[in-house]
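Asker: mmCIF, C-alpha atoms, file run-v4.cif:
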```
data_work
loop_
_atom_site.label_atom_id
_atom_site.label_comp_id
_atom_site.auth_asym_id
_atom_site.auth_seq_id
_atom_site.Cartn_x
_atom_site.Cartn_y
_atom_site.Cartn_z
CA MET A 1 -34.65 51.34 113.15
CA ASP A 2 -32.70 48.57 114.85
CA LYS A 3 -34.80 46.05 116.65
CA PRO A 4 -33.52 45.50 120.21
CA VAL A 5 -32.24 41.98 120.72
CA ASN A 6 -33.72 40.26 123.74
CA GLN A 7 -31.07 37.96 125.19
CA GLY A 8 -33.49 36.75 127.86
CA ALA A 9 -34.20 33.65 125.78
CA TRP A 10 -30.81 32.29 126.84
CA LEU A 11 -32.29 31.75 130.30
CA LEU A 12 -34.52 29.10 128.77
CA VAL A 13 -31.42 27.07 127.91
CA LEU A 14 -30.35 26.99 131.56
CA PRO A 15 -32.27 23.83 132.56
CA VAL A 16 -30.65 21.87 129.71
CA LEU A 17 -27.26 23.27 130.62
CA LEU A 18 -27.73 22.18 134.23
CA ILE A 19 -28.86 18.69 133.25
CA VAL A 20 -25.93 18.27 130.84
CA ALA A 21 -23.55 19.61 133.48
CA PHE A 22 -24.64 17.07 136.06
CA SER A 23 -25.13 14.12 133.71
CA ALA A 24 -22.08 14.57 131.49
CA ILE A 25 -19.65 17.39 132.25
CA VAL A 26 -19.17 16.84 136.00
CA PRO A 27 -18.78 13.04 135.64
CA LEU A 28 -16.31 13.56 132.77
CA MET A 29 -14.28 16.01 134.87
CA THR A 30 -14.27 13.49 137.71
CA VAL A 31 -13.00 10.79 135.37
CA VAL A 32 -10.17 13.10 134.25
CA ASN A 33 -9.31 13.67 137.94
CA TYR A 34 -9.31 9.94 138.64
CA SER A 35 -7.14 9.19 135.59
CA VAL A 36 -4.12 10.96 137.08
CA GLN A 37 -4.45 9.41 140.55
CA ASP A 38 -4.55 6.07 142.30
CA THR A 39 -6.89 5.06 145.07
CA PHE A 40 -7.16 2.23 147.57
CA GLY A 41 -10.70 3.18 148.53
CA ASN A 42 -12.01 5.31 151.40
CA ASN A 43 -12.03 8.29 149.01
CA GLN A 44 -8.27 8.71 149.38
CA PHE A 45 -6.35 9.51 146.23
CA PHE A 46 -2.64 9.59 145.42
CA TRP A 47 -1.09 11.53 142.57
CA ASN A 48 0.15 9.31 139.73
CA GLY A 49 0.53 11.89 136.95
CA ILE A 50 0.62 10.38 133.47
CA GLY A 51 1.49 6.94 134.87
CA TRP A 52 -1.73 5.20 133.91
CA TYR A 53 -1.69 6.67 130.41
CA GLN A 54 1.91 5.56 129.97
CA GLU A 55 1.01 2.04 131.04
CA LEU A 56 -2.12 2.03 128.90
CA LEU A 57 -0.28 3.02 125.72
CA ASP A 58 2.54 0.50 126.20
CA PRO A 59 1.46 -2.88 124.78
CA SER A 60 4.16 -4.69 126.78
CA THR A 61 2.42 -3.92 130.09
CA ASP A 62 -0.57 -5.85 131.38
CA LEU A 63 -2.93 -2.87 131.07
CA GLY A 64 -1.61 -1.85 127.63
CA GLY A 65 -1.76 -5.42 126.34
CA ARG A 66 -5.35 -5.78 127.47
CA PHE A 67 -6.30 -2.42 125.99
CA PHE A 68 -4.77 -2.98 122.56
CA ASP A 69 -6.12 -6.54 122.33
CA ALA A 70 -9.62 -5.31 123.19
CA LEU A 71 -9.28 -2.38 120.79
CA TRP A 72 -8.33 -4.65 117.85
CA ARG A 73 -11.20 -6.96 118.72
CA ASN A 74 -13.53 -3.96 118.76
CA LEU A 75 -12.29 -2.73 115.38
CA LEU A 76 -12.57 -6.22 113.88
CA PHE A 77 -16.10 -6.55 115.23
CA SER A 78 -17.12 -3.14 113.83
CA PHE A 79 -15.55 -3.98 110.46
CA LEU A 80 -17.32 -7.35 110.27
CA ILE A 81 -20.76 -6.06 111.16
CA LEU A 82 -20.44 -3.10 108.78
CA ALA A 83 -19.26 -5.40 105.97
CA ILE A 84 -22.37 -7.54 106.49
CA GLU A 85 -25.05 -5.09 107.60
CA VAL A 86 -24.52 -2.38 104.99
CA PRO A 87 -24.80 -4.55 101.82
CA LEU A 88 -27.52 -6.65 103.45
CA GLY A 89 -29.46 -3.54 104.49
CA ILE A 90 -29.24 -2.15 100.95
CA ALA A 91 -30.40 -5.48 99.50
CA VAL A 92 -33.35 -5.62 101.92
CA ALA A 93 -34.31 -2.00 101.15
CA LEU A 94 -34.16 -2.65 97.41
CA SER A 95 -36.43 -5.66 97.70
CA MET A 96 -39.03 -3.96 99.91
CA PRO A 97 -42.44 -3.22 98.42
CA ARG A 98 -43.10 0.38 97.30
CA GLN A 99 -46.87 0.55 97.72
CA GLY A 100 -49.92 -1.19 99.16
CA TRP A 101 -50.52 -2.78 102.55
CA ARG A 102 -47.29 -4.76 102.30
CA VAL A 103 -45.25 -1.57 102.93
CA ALA A 104 -46.68 -1.14 106.43
CA ALA A 105 -46.39 -4.87 107.17
CA THR A 106 -42.74 -4.97 106.08
CA LEU A 107 -41.89 -1.86 108.09
CA VAL A 108 -43.42 -3.32 111.24
CA VAL A 109 -41.58 -6.63 110.84
CA LEU A 110 -38.30 -4.83 110.17
CA ALA A 111 -38.73 -2.52 113.14
CA LEU A 112 -39.37 -5.37 115.60
CA PRO A 113 -35.72 -6.25 116.40
CA LEU A 114 -34.97 -2.56 116.93
CA LEU A 115 -37.60 -2.36 119.65
CA ILE A 116 -36.12 -5.11 121.78
CA PRO A 117 -33.87 -3.96 124.65
CA TRP A 118 -30.20 -4.90 124.34
CA ASN A 119 -30.11 -7.20 127.37
CA VAL A 120 -33.20 -9.05 126.11
CA VAL A 121 -31.54 -9.51 122.70
CA GLY A 122 -28.52 -10.93 124.53
CA THR A 123 -30.68 -13.28 126.56
CA ILE A 124 -32.60 -14.45 123.48
CA TRP A 125 -29.38 -15.33 121.67
CA GLN A 126 -27.75 -16.75 124.77
CA ILE A 127 -30.54 -19.33 124.93
CA PHE A 128 -31.12 -19.67 121.17
CA ALA A 129 -27.46 -20.52 120.53
CA ARG A 130 -26.93 -22.98 123.39
CA GLU A 131 -25.88 -26.38 122.15
CA ASP A 132 -28.03 -28.30 124.60
CA ILE A 133 -31.37 -26.49 124.73
CA GLY A 134 -31.04 -23.75 122.09
CA LEU A 135 -32.66 -24.31 118.71
CA LEU A 136 -29.77 -22.83 116.72
CA GLY A 137 -27.00 -24.51 118.67
CA TRP A 138 -28.74 -27.88 118.71
CA VAL A 139 -29.50 -27.83 114.95
CA VAL A 140 -26.00 -26.70 113.94
CA ASN A 141 -24.39 -29.41 116.07
CA HIS A 142 -26.73 -32.05 114.69
CA LEU A 143 -25.77 -31.00 111.18
CA GLY A 144 -22.27 -32.12 112.09
CA ILE A 145 -20.77 -28.65 112.52
CA PRO A 146 -19.04 -28.29 115.91
CA TYR A 147 -20.53 -25.21 117.55
CA ASN A 148 -20.24 -24.17 121.17
CA TYR A 149 -19.98 -20.49 121.97
CA THR A 150 -19.00 -21.09 125.58
CA ALA A 151 -15.86 -23.03 124.69
CA ASP A 152 -14.88 -22.14 121.12
CA PRO A 153 -13.83 -18.54 120.27
CA LEU A 154 -14.90 -18.87 116.62
CA SER A 155 -18.39 -20.01 117.66
CA ALA A 156 -18.59 -17.10 120.11
CA TRP A 157 -17.64 -14.62 117.39
CA VAL A 158 -20.11 -16.12 114.91
CA THR A 159 -22.83 -15.85 117.57
CA ILE A 160 -22.26 -12.22 118.52
CA VAL A 161 -21.77 -11.08 114.91
CA THR A 162 -24.95 -12.89 113.81
CA MET A 163 -26.80 -11.45 116.79
CA ASP A 164 -25.74 -7.92 115.89
CA VAL A 165 -26.67 -8.46 112.24
CA TRP A 166 -30.09 -9.75 113.33
CA HIS A 167 -30.58 -6.81 115.68
CA TRP A 168 -29.37 -3.91 113.55
CA THR A 169 -29.60 -4.67 109.82
CA SER A 170 -33.17 -3.36 109.99
CA LEU A 171 -31.86 0.08 110.88
CA VAL A 172 -29.67 0.19 107.77
CA ALA A 173 -32.52 -1.17 105.65
CA LEU A 174 -35.01 1.41 106.97
CA LEU A 175 -32.59 4.28 106.40
CA CYS A 176 -31.85 3.07 102.85
CA TYR A 177 -35.56 2.62 102.20
CA ALA A 178 -36.16 6.25 103.24
CA GLY A 179 -33.44 7.28 100.77
CA LEU A 180 -34.98 5.17 97.99
CA ARG A 181 -38.45 6.62 98.61
CA SER A 182 -37.11 10.12 97.99
CA ILE A 183 -36.25 9.29 94.36
CA PRO A 184 -38.92 10.72 92.01
CA ASP A 185 -40.44 8.31 89.47
CA ALA A 186 -39.19 10.54 86.66
CA PHE A 187 -35.65 9.26 87.28
CA TYR A 188 -36.74 5.66 86.72
CA GLN A 189 -38.78 6.60 83.66
CA ALA A 190 -35.77 8.37 82.14
CA ALA A 191 -33.61 5.32 82.90
CA ARG A 192 -36.16 3.02 81.22
CA ILE A 193 -36.22 5.24 78.12
CA ASP A 194 -32.42 5.07 78.00
CA GLY A 195 -32.62 1.28 78.33
CA ALA A 196 -30.53 1.31 81.51
CA SER A 197 -29.77 -2.06 83.10
CA ARG A 198 -30.79 -2.89 86.69
CA TRP A 199 -27.16 -2.42 87.77
CA ALA A 200 -26.91 0.95 85.96
CA ILE A 201 -30.06 2.17 87.74
CA PHE A 202 -28.63 1.09 91.07
CA ARG A 203 -25.19 2.55 90.40
CA ASN A 204 -26.28 5.89 88.91
CA ILE A 205 -29.64 6.65 90.51
CA GLN A 206 -30.27 4.68 93.68
CA LEU A 207 -26.80 4.59 95.21
CA PRO A 208 -26.13 8.35 94.87
CA LYS A 209 -29.52 9.05 96.42
CA MET A 210 -28.77 6.71 99.30
CA ARG A 211 -25.26 8.05 99.86
CA ARG A 212 -26.19 10.41 102.66
CA VAL A 213 -28.40 8.00 104.58
CA LEU A 214 -25.78 5.30 104.10
CA LEU A 215 -23.17 7.51 105.66
CA ILE A 216 -25.48 8.14 108.61
CA ALA A 217 -26.10 4.38 108.85
CA VAL A 218 -22.36 3.64 108.79
CA LEU A 219 -21.73 6.29 111.44
CA LEU A 220 -24.49 5.03 113.71
CA ARG A 221 -23.55 1.39 113.32
CA PHE A 222 -19.85 2.04 113.75
CA MET A 223 -20.32 4.07 116.92
CA ASP A 224 -22.82 1.63 118.34
CA SER A 225 -20.70 -1.42 117.58
CA PHE A 226 -17.56 0.30 118.83
CA MET A 227 -19.29 1.00 122.15
CA ILE A 228 -21.09 -2.34 122.33
CA TYR A 229 -21.34 -3.81 125.81
CA THR A 230 -24.61 -5.40 126.87
CA GLU A 231 -25.25 -7.96 124.15
CA PRO A 232 -21.84 -9.72 124.09
CA PHE A 233 -21.62 -9.41 127.87
CA VAL A 234 -24.91 -11.24 128.31
CA VAL A 235 -24.07 -13.92 125.71
CA THR A 236 -20.39 -14.65 126.32
CA GLY A 237 -19.35 -12.48 129.27
CA GLY A 238 -16.25 -11.61 127.20
CA GLY A 239 -15.17 -15.23 126.80
CA PRO A 240 -14.20 -17.92 126.14
CA GLY A 241 -10.97 -16.65 127.66
CA ASN A 242 -10.86 -13.04 126.53
CA SER A 243 -11.82 -13.74 122.92
CA THR A 244 -14.90 -11.50 122.92
CA THR A 245 -13.76 -8.98 125.51
CA PHE A 246 -14.27 -5.58 123.92
CA VAL A 247 -12.99 -2.29 125.32
CA SER A 248 -16.25 -1.52 127.12
CA ILE A 249 -16.32 -4.96 128.77
CA ASP A 250 -12.69 -4.62 129.83
CA LEU A 251 -13.43 -1.17 131.19
CA VAL A 252 -16.20 -2.48 133.41
CA LYS A 253 -13.95 -5.32 134.59
CA LEU A 254 -11.26 -2.79 135.49
CA ALA A 255 -13.54 -0.25 137.17
CA LEU A 256 -16.10 -2.44 138.90
CA GLY A 257 -14.41 -5.86 139.03
CA GLN A 258 -10.93 -4.81 140.12
CA PHE A 259 -11.88 -1.35 141.41
CA ASP A 260 -8.85 0.11 139.60
CA LEU A 261 -10.40 3.54 139.23
CA GLY A 262 -7.24 5.25 137.96
CA LYS A 263 -6.57 2.72 135.20
CA ALA A 264 -10.24 2.57 134.25
CA ALA A 265 -10.43 6.37 134.11
CA ALA A 266 -7.38 6.62 131.84
CA LEU A 267 -8.87 3.92 129.59
CA SER A 268 -12.21 5.79 129.57
CA ILE A 269 -10.58 9.03 128.49
CA VAL A 270 -8.67 7.39 125.62
CA TYR A 271 -11.76 5.40 124.56
CA ASN A 272 -13.82 8.58 124.65
CA LEU A 273 -11.24 10.48 122.59
CA ILE A 274 -11.23 7.78 119.90
CA ILE A 275 -15.03 7.92 119.67
CA LEU A 276 -15.00 11.72 119.60
CA ALA A 277 -12.40 11.74 116.81
CA VAL A 278 -14.34 9.24 114.69
CA CYS A 279 -17.55 11.27 115.19
CA TRP A 280 -15.76 14.40 114.12
CA VAL A 281 -14.36 12.75 110.99
CA PHE A 282 -17.85 11.54 110.01
CA TYR A 283 -19.32 14.97 110.75
CA THR A 284 -16.68 16.63 108.56
CA VAL A 285 -17.29 14.20 105.70
CA MET A 286 -21.06 14.74 105.93
CA THR A 287 -20.67 18.52 106.02
CA ARG A 288 -18.38 18.36 102.98
CA MET A 289 -20.90 16.22 101.14
CA ASP A 290 -23.62 18.74 101.98
CA SER A 291 -21.59 21.73 100.83
CA GLY A 292 -20.63 19.83 97.67
CA ARG A 293 -24.30 19.28 96.92
CA SER A 294 -25.48 22.82 97.51
CA MET B 1 -13.02 22.13 148.62
CA GLU B 2 -14.12 19.61 151.28
CA HIS B 3 -17.58 19.19 149.75
CA LEU B 4 -15.99 18.47 146.35
CA ALA B 5 -13.70 15.75 147.72
CA TRP B 6 -15.61 13.04 145.88
CA MET B 7 -14.48 14.63 142.60
CA ALA B 8 -10.86 14.01 143.64
CA TRP B 9 -9.56 17.37 142.45
CA THR B 10 -5.87 18.09 142.09
CA TRP B 11 -4.44 21.52 141.31
CA GLN B 12 -3.16 20.18 137.97
CA THR B 13 -6.57 19.02 136.75
CA GLY B 14 -8.11 22.18 138.20
CA ALA B 15 -5.65 24.29 136.19
CA PHE B 16 -6.39 22.27 133.05
CA PHE B 17 -10.14 22.79 133.32
CA ALA B 18 -9.67 26.44 134.25
CA LEU B 19 -7.64 26.84 131.04
CA VAL B 20 -10.38 25.20 128.95
CA ALA B 21 -13.08 27.29 130.68
CA GLY B 22 -10.96 30.40 130.14
CA LEU B 23 -10.63 29.63 126.42
CA LEU B 24 -14.39 29.15 126.15
CA ALA B 25 -15.01 32.43 127.99
CA LEU B 26 -12.54 34.20 125.71
CA LEU B 27 -14.27 32.84 122.60
CA THR B 28 -17.66 33.90 123.96
CA THR B 29 -16.39 37.41 124.63
CA LEU B 30 -14.89 37.55 121.15
CA ALA B 31 -18.13 36.29 119.61
CA VAL B 32 -20.09 39.06 121.35
CA ASN B 33 -17.66 41.91 120.70
CA ARG B 34 -16.14 40.88 117.38
CA PRO B 35 -18.65 38.64 115.58
CA GLU B 36 -17.13 36.55 112.83
CA ILE B 37 -18.28 34.85 109.66
CA ALA B 38 -17.48 31.15 109.32
CA ARG B 39 -14.83 30.65 106.64
CA PRO B 40 -13.79 27.67 104.51
CA GLY B 41 -10.40 26.10 105.16
CA ILE B 42 -8.21 23.29 103.90
CA LEU B 43 -10.62 20.63 105.17
CA GLY B 44 -13.26 21.85 102.72
CA ILE B 45 -15.69 22.82 105.47
CA THR B 46 -16.52 26.22 106.91
CA THR B 47 -15.33 26.68 110.46
CA THR B 48 -15.84 29.22 113.22
CA ARG B 49 -13.35 30.00 115.99
CA GLY B 50 -15.19 27.53 118.22
CA ASP B 51 -14.84 24.75 115.62
CA ARG B 52 -11.15 25.48 115.32
CA LEU B 53 -10.73 25.38 119.10
CA PHE B 54 -12.46 21.98 119.19
CA ILE B 55 -10.19 20.64 116.42
CA THR B 56 -7.19 22.05 118.28
CA LEU B 57 -8.11 20.48 121.63
CA LEU B 58 -8.96 17.09 120.12
CA GLY B 59 -5.82 17.03 117.98
CA SER B 60 -3.65 18.16 120.89
CA ALA B 61 -4.95 15.29 123.02
CA PHE B 62 -3.94 12.84 120.30
CA ILE B 63 -0.53 14.50 119.85
CA HIS B 64 0.14 14.02 123.57
CA LEU B 65 -1.12 10.42 123.56
CA ALA B 66 0.90 9.56 120.44
CA TRP B 67 4.02 11.10 121.97
CA LEU B 68 3.48 9.19 125.21
CA GLY B 69 2.91 5.91 123.39
CA LEU B 70 5.58 6.18 120.70
CA VAL B 71 8.33 8.38 122.13
CA GLY B 72 8.31 8.74 125.91
CA PRO B 73 7.05 10.61 128.95
CA GLU B 74 8.75 13.97 128.13
CA LEU B 75 5.53 15.75 127.23
CA GLU B 76 7.02 19.25 126.97
CA ILE B 77 7.97 18.59 123.34
CA ALA B 78 4.49 17.19 122.65
CA SER B 79 3.00 20.36 124.15
CA GLY B 80 5.23 22.43 121.87
CA LEU B 81 4.06 20.42 118.87
CA ALA B 82 0.45 20.89 120.01
CA LEU B 83 0.96 24.67 120.12
CA LEU B 84 2.35 24.59 116.56
CA TYR B 85 -0.61 22.45 115.55
CA ALA B 86 -3.00 24.95 117.19
CA ALA B 87 -1.43 27.83 115.27
CA ALA B 88 -1.75 25.86 112.01
CA VAL B 89 -5.39 25.01 112.72
CA PHE B 90 -6.33 28.62 113.48
CA ARG B 91 -4.47 29.82 110.38
CA TRP B 92 -5.49 27.27 107.75
CA VAL B 93 -8.45 25.15 108.84
#
```
Go ahead and render the structure in this file as structure tokens.

Answerer:
Amino acid sequence: MDKPVNQGAWLLVLPVLLIVAFSAIVPLMTVVNYSVQDTFGNNQFFWNGIGWYQELLDPSTDLGGRFFDALWRNLLFSFLILAIEVPLGIAVALSMPRQGWRVAATLVVLALPLLIPWNVVGTIWQIFAREDIGLLGWVVNHLGIPYNYTADPLSAWVTIVTMDVWHWTSLVALLCYAGLRSIPDAFYQAARIDGASRWAIFRNIQLPKMRRVLLIAVLLRFMDSFMIYTEPFVVTGGGPGNSTTFVSIDLVKLALGQFDLGKAAALSIVYNLIILAVCWVFYTVMTRMDSGRS
Amino acid sequence: MEHLAWMAWTWQTGAFFALVAGLLALLTTLAVNRPEIARPGILGITTTRGDRLFITLLGSAFIHLAWLGLVGPELEIASGLALLYAAAVFRWV
């Protein structure tokens, strides 16, 4: 006998649907509407068609130049922090204790930077790296290395990359540690019997076991760094010049500084599409890895 | 429409969202009346009709943006390419 299916449970999803509609879908639709129009305020809009998108995708225009410059900066930033945080996170995870009270102590210490709000992290580093009153800035300058993140682009980049590494390497390390903990002792015993070197154990046992969590870590860190706003904004405000102006910072300047809602909306849509595409690629790769394993 | 003025609707964006909503409604109706089994495609993952619609919409957006950035503002050809792309996705992905 067929059991009747009660579709009434769908009603329970309604509250979530309503919340998502008002917090995400309606604002996104509004942004799409703005992106094809121009406004001079007073809630009056004028049709501009694909004009803003055309301008945005042409590097010879002011808007396009700004967008592509910020996009390359964003990609460079994401590449740098991934190149540092992933190997460093693995190294930290490998050197973490496996048992005893030191496990809990290490986990707490590692989790601390993750618990600090972004704007507080920015403020900490903004003061810490100042050449006059900041410990880091003062020491580096007194070692004879010129360092001033408010005037020198290289110093600004070093500061925000170091800040991100300080803030987020723990996440990679904790994820890798979770992966390492899932390896049964029998694997290590077998490796010892075979006389495997430390590198062989890492390459053939630990790394494959960490592959999935590493992919999650790379995805999370890429997306987060690609959307980064608060920390560099608090430390450098996008400067000196535009040297640390990322897409999100430029977007806020356009939308709230210049009140160019049409341009900002077009930029938002393209930015959103890039993030969506990267998410989808990562999702596909992870799903493939899963199906390959099963 | 007066009370929705803050959303700055135009008939073009309204038509676009109506099309997307229509596609979603169509897929829902299909899912209820002709349930399907997810199948593997050339990407090496199993996809449902909904997945393929998502890939189509996302890819079509990039086709239009790439055309606009690299070729010019005549988006009719880009739309044609996007339709071809959609057919390929629903056939092979």

Asker: I need the output of the PyMOL selection byres ((chain B) within 7 of (chain A)) for this file as a CSV table (one decimal) with C-alpha atoms, in the frame of the given file; which residues are they?

Answerer:
```
chain,number,residue,atom,x,y,z
B,6,TRP,CA,-15.6,13.0,145.9
B,7,MET,CA,-14.5,14.6,142.6
B,8,ALA,CA,-10.9,14.0,143.6
B,9,TRP,CA,-9.6,17.4,142.4
B,10,THR,CA,-5.9,18.1,142.1
B,13,THR,CA,-6.6,19.0,136.8
B,44,GLY,CA,-13.3,21.8,102.7
B,45,ILE,CA,-15.7,22.8,105.5
B,68,LEU,CA,3.5,9.2,125.2
B,69,GLY,CA,2.9,5.9,123.4
```

Asker: Applied to the shown file, which residues does the PyMOL selection byres ((chain B and resi 59) around 10) return, written as a PDB file with C-alpha atoms, in the coordinates of the input?

Answerer:
```pdb
ATOM      1  CA  LEU A 273     -11.240  10.480 122.590  1.00  0.00           C
ATOM      2  CA  ALA A 277     -12.400  11.740 116.810  1.00  0.00           C
TER       3      ALA A 277
ATOM      4  CA  LEU B  53     -10.730  25.380 119.100  1.00  0.00           C
ATOM      5  CA  PHE B  54     -12.460  21.980 119.190  1.00  0.00           C
ATOM      6  CA  ILE B  55     -10.190  20.640 116.420  1.00  0.00           C
ATOM      7  CA  THR B  56      -7.190  22.050 118.280  1.00  0.00           C
ATOM      8  CA  LEU B  57      -8.110  20.480 121.630  1.00  0.00           C
ATOM      9  CA  LEU B  58      -8.960  17.090 120.120  1.00  0.00           C
ATOM     10  CA  SER B  60      -3.650  18.160 120.890  1.00  0.00           C
ATOM     11  CA  ALA B  61      -4.950  15.290 123.020  1.00  0.00           C
ATOM     12  CA  PHE B  62      -3.940  12.840 120.300  1.00  0.00           C
ATOM     13  CA  ILE B  63      -0.530  14.500 119.850  1.00  0.00           C
ATOM     14  CA  HIS B  64       0.140  14.020 123.570  1.00  0.00           C
ATOM     15  CA  LEU B  65      -1.120  10.420 123.560  1.00  0.00           C
ATOM     16  CA  ALA B  82       0.450  20.890 120.010  1.00  0.00           C
ATOM     17  CA  TYR B  85      -0.610  22.450 115.550  1.00  0.00           C
ATOM     18  CA  ALA B  86      -3.000  24.950 117.190  1.00  0.00           C
ATOM     19  CA  VAL B  89      -5.390  25.010 112.720  1.00  0.00           C
TER      20      VAL B  89
END
```

Asker: Using only C-alpha atoms, which residue out of A:Ala217, A:Val103, A:Val172, A:Ile205 lies closest to Tyr188 in chain A?

Answerer: A:Ile205

Asker: What do you get, as a PyMOL selection string, if you spell out every residue that the PyMOL selection byres ((chain B and resi 92) around 9) selects here?

Answerer: chain B and resi 40-43+87-91+93

Asker: Find the spatial neighbours of Pro113 in chain A, counting all atoms listed in the file, within a cut-off of 8 Å - ignore same-chain residues fewer than 3 positions away - and output them as a PyMOL selection string.

Answerer: chain A and resi 110+116+166-168+170

Asker: What would the file look like if the residues just selected were written as a PDB file, keeping the file's coordinate frame with C-alpha atoms?

Answerer:
```pdb
ATOM      1  CA  LEU A 110     -38.300  -4.830 110.170  1.00  0.00           C
ATOM      2  CA  ILE A 116     -36.120  -5.110 121.780  1.00  0.00           C
ATOM      3  CA  TRP A 166     -30.090  -9.750 113.330  1.00  0.00           C
ATOM      4  CA  HIS A 167     -30.580  -6.810 115.680  1.00  0.00           C
ATOM      5  CA  TRP A 168     -29.370  -3.910 113.550  1.00  0.00           C
ATOM      6  CA  SER A 170     -33.170  -3.360 109.990  1.00  0.00           C
TER       7      SER A 170
END
```

Asker: I'd like the interatomic distance between CA of Tyr229 in chain A and CA of Trp118 in chain A, to a tenth of an Å.

Answerer: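 Computed distance, CA of Tyr229 in chain A to CA of Trp118 in chain A, equals 9.0 Å.
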
Asker: Figure out the distance between CA of Arg52 in chain B and CA of Leu26 in chain B, please, to one decimal in Å.

Answerer: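 About the pair CA of Leu26 in chain B and CA of Arg52 in chain B: they are 13.6 Å apart.
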
Asker: How far is it from CA of Pro97 in chain A to CA of Tyr177 in chain A, in Å with one decimal?

Answerer: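 About the pair CA of Pro97 in chain A and CA of Tyr177 in chain A: they are 9.8 Å apart.
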
Asker: For Asp250 in chain A, which of A:Pro232, A:Gly179, A:Pro15, A:Gly144 is the closest residue, counting only C-alpha atoms?

Answerer: A:Pro232

Asker: I'd like the contact shell of Val158 in chain A - 12 Å cut-off, all atoms listed in the file, skipping same-chain residues fewer than 4 positions apart - returned as a PDB file with C-alpha atoms, keeping the file's coordinate frame.

Answerer:
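selection_17.pdb written:
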```
ATOM      1  CA  PHE A  77     -16.100  -6.550 115.230  1.00  0.00           C
ATOM      2  CA  LEU A  80     -17.320  -7.350 110.270  1.00  0.00           C
ATOM      3  CA  ILE A  81     -20.760  -6.060 111.160  1.00  0.00           C
ATOM      4  CA  TRP A 125     -29.380 -15.330 121.670  1.00  0.00           C
ATOM      5  CA  ALA A 129     -27.460 -20.520 120.530  1.00  0.00           C
ATOM      6  CA  LEU A 136     -29.770 -22.830 116.720  1.00  0.00           C
ATOM      7  CA  GLY A 137     -27.000 -24.510 118.670  1.00  0.00           C
ATOM      8  CA  TYR A 147     -20.530 -25.210 117.550  1.00  0.00           C
ATOM      9  CA  ASN A 148     -20.240 -24.170 121.170  1.00  0.00           C
ATOM     10  CA  TYR A 149     -19.980 -20.490 121.970  1.00  0.00           C
ATOM     11  CA  THR A 150     -19.000 -21.090 125.580  1.00  0.00           C
ATOM     12  CA  ASP A 152     -14.880 -22.140 121.120  1.00  0.00           C
ATOM     13  CA  PRO A 153     -13.830 -18.540 120.270  1.00  0.00           C
ATOM     14  CA  LEU A 154     -14.900 -18.870 116.620  1.00  0.00           C
ATOM     15  CA  THR A 162     -24.950 -12.890 113.810  1.00  0.00           C
ATOM     16  CA  MET A 163     -26.800 -11.450 116.790  1.00  0.00           C
ATOM     17  CA  ASP A 164     -25.740  -7.920 115.890  1.00  0.00           C
ATOM     18  CA  VAL A 165     -26.670  -8.460 112.240  1.00  0.00           C
ATOM     19  CA  TRP A 166     -30.090  -9.750 113.330  1.00  0.00           C
ATOM     20  CA  PRO A 232     -21.840  -9.720 124.090  1.00  0.00           C
ATOM     21  CA  VAL A 235     -24.070 -13.920 125.710  1.00  0.00           C
ATOM     22  CA  THR A 236     -20.390 -14.650 126.320  1.00  0.00           C
ATOM     23  CA  SER A 243     -11.820 -13.740 122.920  1.00  0.00           C
ATOM     24  CA  THR A 244     -14.900 -11.500 122.920  1.00  0.00           C
TER      25      THR A 244
END
```

Asker: Skip Ile37 in chain B itself and residues of its chain fewer than 6 positions away, then list as a list in words all residues within 10 Å of it, counting only C-alpha atoms.

Answerer: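 Neighbouring residues, sequence-local ones excluded: Thr46, Thr47, Thr48 and Arg49 of chain B.
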
Asker: Complete the atom set of range 137-144 of chain A to N, CA and C atoms and return it as a PDB file, in the coordinates of the input.

Answerer:
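Done, and the output landed in result35.pdb:
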```
ATOM      1  N   GLY A 137     -28.147 -23.707 118.279  1.00  0.00           N
ATOM      2  CA  GLY A 137     -27.000 -24.510 118.670  1.00  0.00           C
ATOM      3  C   GLY A 137     -27.240 -26.004 118.457  1.00  0.00           C
ATOM      4  N   TRP A 138     -28.401 -26.457 118.833  1.00  0.00           N
ATOM      5  CA  TRP A 138     -28.740 -27.880 118.710  1.00  0.00           C
ATOM      6  C   TRP A 138     -28.739 -28.300 117.238  1.00  0.00           C
ATOM      7  N   VAL A 139     -29.399 -27.490 116.379  1.00  0.00           N
ATOM      8  CA  VAL A 139     -29.500 -27.830 114.950  1.00  0.00           C
ATOM      9  C   VAL A 139     -28.115 -27.836 114.302  1.00  0.00           C
ATOM     10  N   VAL A 140     -27.331 -26.797 114.569  1.00  0.00           N
ATOM     11  CA  VAL A 140     -26.000 -26.700 113.940  1.00  0.00           C
ATOM     12  C   VAL A 140     -25.148 -27.907 114.336  1.00  0.00           C
ATOM     13  N   ASN A 141     -25.168 -28.260 115.618  1.00  0.00           N
ATOM     14  CA  ASN A 141     -24.390 -29.410 116.070  1.00  0.00           C
ATOM     15  C   ASN A 141     -24.876 -30.709 115.452  1.00  0.00           C
ATOM     16  N   HIS A 142     -26.200 -30.825 115.294  1.00  0.00           N
ATOM     17  CA  HIS A 142     -26.730 -32.050 114.690  1.00  0.00           C
ATOM     18  C   HIS A 142     -26.513 -32.105 113.194  1.00  0.00           C
ATOM     19  N   LEU A 143     -26.147 -30.979 112.599  1.00  0.00           N
ATOM     20  CA  LEU A 143     -25.770 -31.000 111.180  1.00  0.00           C
ATOM     21  C   LEU A 143     -24.304 -31.419 111.014  1.00  0.00           C
ATOM     22  N   GLY A 144     -23.644 -31.648 112.135  1.00  0.00           N
ATOM     23  CA  GLY A 144     -22.270 -32.120 112.090  1.00  0.00           C
ATOM     24  C   GLY A 144     -21.240 -31.003 112.178  1.00  0.00           C
TER      25      GLY A 144
END
```
